[in-house]
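Student: One structure follows; several queries about it will come next.
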Amino acid sequence: MKKRIISLVGVLAVVISLVVGVVGCASQPHQETSIMVYCGAGMKKPMDEIGELFQQQYGTEVQYNYAGSDTLLSQMELTRKGDVYIPGATMYIDKAREKGLIDYEQRVAYHIPVIAVPEGNPANITCLDGLTKPGVKVILGDAKVAACGKMAKKILEKKGIFDAVEPNVVAYRDTASKLVVDMCMGTAEVTINWQASFVGTEDKTDLIEIPREQNIIKIIPIGTTTFSERQKVAKEFVDFCASDQGKAIFNKHGFTAYPSPKYE
């Protein structure tokens with residue numbers, strides 16, 4: 001009888017441990033070790049912080065591939081790997097959707113273009129027309145691969161001065177962050193780039209606002225890929241970026257969270 005009681009106690013202990021284990025697993029963060037996010041280089045600062053916070057709360061590491069928005073789109077189409085895409089403007093996610101690469105979407109913030117010059121403004125640029133001054137050294141994003149480049153070209157075309165500015169362009173860069181480096185180092189005298197990209201460079205650069213009627217404000221979208229093998233956690237990451245918590249991080253890094261009455 002004593003042996004039987006001991007045996008029953010042992011069985012009961014096993015059952016209890018299994019039940020506790022199941023309940024424990026249900027309350028744990030996701031078991032996926034990581035997701036991969038294709039992200040425009042201009043959003044690196046807020047997205048790095050969001051990735052760390054997401055990992056703390058969900059237990060999933062966020063790995064980023066930072067590059068120009070169009071470059072990332074080509075990589076996605078070629079490899080069909082990865083989980084989330086966040087380009088610098090909605091036109092890229094529209095293209096991705098048309099190609100069947102994106103399904104679930106949210107919008108997180110605005111990209112606001114500004115004129116940027118090295119600290120002290122050596123070429124005395126005060127407006128867009130200043131980029132047409134003979135001999136001024138202009139540097140722009142590459143419109144073929146980067147959202148910042150396509151945006152700058154459209155702004156100059158809208159103003160009707162792109163053909164006059166083009167001879168002054170000394171180089172094209174494939175990411176917004178490289179334009180920031182150029183301005184900080186004084187490689188050129190002026191660029192057009194996202195305002196948020198210059199947060200933290202106030203002692204090395206000066207910014208000139210582009211009048212609203214001349215400007216082209218872009219919305220930053222984010223979406224899950226159709227080929228993601230971690231659809232559930234990818235969707236939760238997208239929602240996390242678009243949550244009040246995620247948008248607060250964008251605001252912290254100089255962006256304006258979506259939606260904003262000022263830009264609607």
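Please note that chains go A, B, ... in the order of the structure tokens, that every chain numbers its residues from 1, and that ligands are numbered from 1 in the order shown.
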If we count only C-alpha atoms and set the cut-off at 10 Å, which residues sit around Lys150 (chain A), ignoring sequence neighbours fewer than 6 positions away in its own chain? Please answer as a PyMOL selection string.
Tutor: chain A and resi 89+140-144
Student: Filtering to C-alpha atoms, could you give me those residues as a PDB file, in the first residue's frame?
Tutor:
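Listing of result20.pdb after writing:
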ATOM      1  CA  ALA A  89       7.455  56.967 -48.571  1.00  0.00           C
ATOM      2  CA  LEU A 140      21.470  65.007 -53.436  1.00  0.00           C
ATOM      3  CA  GLY A 141      20.087  61.554 -52.814  1.00  0.00           C
ATOM      4  CA  ASP A 142      20.029  59.196 -55.783  1.00  0.00           C
ATOM      5  CA  ALA A 143      16.461  59.315 -57.114  1.00  0.00           C
ATOM      6  CA  LYS A 144      16.851  55.804 -58.533  1.00  0.00           C
TER       7      LYS A 144
END
Student: Residues within 8 Å of region 168-174 of chain A, please, as a list in words. Count only C-alpha atoms; anything in the same chain fewer than 6 positions from it doesn't count.
Tutor: Ala67, Gly68, Leu131, Thr132, Pro134, Gly135, Val136, Lys137, Val138, Ile139, Leu140, Gly141, Asp142, Val145, Ala146, Gly149 and Ala188 of chain A
Student: Could you turn the residues from that selection into a file that holds N, CA and C atoms, as a CSV table (one decimal), in the first residue's frame?
Tutor:
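Printed below is out.csv as written:
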chain,number,residue,atom,x,y,z
A,67,ALA,N,19.0,50.4,-46.0
A,67,ALA,CA,19.5,50.8,-47.3
A,67,ALA,C,18.4,51.7,-47.9
A,68,GLY,N,18.6,52.1,-49.1
A,68,GLY,CA,17.7,53.0,-49.8
A,68,GLY,C,16.4,52.2,-50.1
A,131,LEU,N,19.9,76.9,-54.6
A,131,LEU,CA,20.6,75.8,-55.2
A,131,LEU,C,21.0,76.0,-56.7
A,132,THR,N,20.5,77.0,-57.3
A,132,THR,CA,20.8,77.3,-58.7
A,132,THR,C,21.9,78.3,-58.9
A,134,PRO,N,25.3,79.9,-59.5
A,134,PRO,CA,26.5,79.4,-60.2
A,134,PRO,C,27.6,79.0,-59.2
A,135,GLY,N,28.1,77.8,-59.3
A,135,GLY,CA,29.3,77.4,-58.5
A,135,GLY,C,28.9,76.8,-57.2
A,136,VAL,N,27.7,76.8,-56.7
A,136,VAL,CA,27.3,76.3,-55.4
A,136,VAL,C,27.4,74.7,-55.5
A,137,LYS,N,28.0,74.1,-54.5
A,137,LYS,CA,28.2,72.6,-54.5
A,137,LYS,C,26.9,72.0,-53.9
A,138,VAL,N,26.2,71.3,-54.7
A,138,VAL,CA,24.9,70.6,-54.3
A,138,VAL,C,25.2,69.1,-54.2
A,139,ILE,N,24.7,68.5,-53.2
A,139,ILE,CA,24.7,67.0,-53.1
A,139,ILE,C,23.3,66.5,-52.8
A,140,LEU,N,22.8,65.5,-53.6
A,140,LEU,CA,21.5,65.0,-53.4
A,140,LEU,C,21.4,63.5,-53.3
A,141,GLY,N,20.3,63.0,-52.8
A,141,GLY,CA,20.1,61.6,-52.8
A,141,GLY,C,19.9,61.1,-54.2
A,142,ASP,N,20.2,59.8,-54.5
A,142,ASP,CA,20.0,59.2,-55.8
A,142,ASP,C,18.6,58.8,-56.0
A,145,VAL,N,17.4,55.1,-56.3
A,145,VAL,CA,17.4,54.1,-55.2
A,145,VAL,C,16.9,54.6,-53.8
A,146,ALA,N,16.9,55.9,-53.6
A,146,ALA,CA,16.6,56.4,-52.3
A,146,ALA,C,15.4,57.3,-52.3
A,149,GLY,N,16.2,61.0,-52.4
A,149,GLY,CA,16.6,61.5,-53.7
A,149,GLY,C,15.4,61.7,-54.6
A,188,ALA,N,29.9,69.2,-49.3
A,188,ALA,CA,29.2,70.1,-50.2
A,188,ALA,C,28.6,71.2,-49.4
Student: Quote the spacing between CA of Ile222 (chain A) and CA of Phe255 (chain A) in Å to one decimal place.
Tutor: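 That distance, rounded to one decimal, is 15.0 Å.
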Student: Under the rule that only C-alpha atoms are counted, which of A:Met185, A:Leu53, A:Leu128, A:Val114 is the nearest residue to Cys241 (chain A)?
Tutor: A:Leu53
Student: Using Å and a single decimal, report how far CA of Ala176 (chain A) sits from CA of Leu207 (chain A).
Tutor: 14.7 Å
Student: Quick one: residues within 10 Å of Met43 (chain A), only C-alpha atoms, excluding same-chain residues fewer than 6 positions away - as a compact mmCIF listing (two decimals) with C-alpha atoms, in the first residue's frame?
Tutor:
# COMPACT_ATOMS: atom_id res chain seq x y z
CA TYR A 66 19.17 49.41 -43.78
CA ILE A 86 9.36 50.20 -43.85
CA PRO A 87 10.36 52.51 -46.72
CA GLY A 88 10.68 56.29 -46.66
CA HIS A 111 9.12 62.59 -43.50
CA ALA A 176 19.72 59.89 -46.36
CA SER A 177 22.32 59.20 -43.69
CA TRP A 194 14.66 64.71 -44.27
CA ALA A 196 14.65 64.17 -38.75
CA SER A 197 17.93 62.91 -40.22
CA ILE A 220 6.25 56.65 -43.67
CA PHE A 250 9.54 58.66 -33.71
CA HIS A 253 13.94 61.45 -32.91
CA PHE A 255 9.76 62.95 -36.77
Student: Quick check for you: according to DSSP on this backbone, which residues of region 21-142 of chain A are classed as strand (DSSP E)? Reply as number ranges by chain.
Tutor: A: 34-40, 61-67, 84-86, 102-111, 113-118, 138-141
Student: Between A:Glu61, A:Glu189, A:Asp129, A:Asp203, which has the minimum distance to Asp163 (chain A) (counting only C-alpha atoms)?
Tutor: A:Asp129
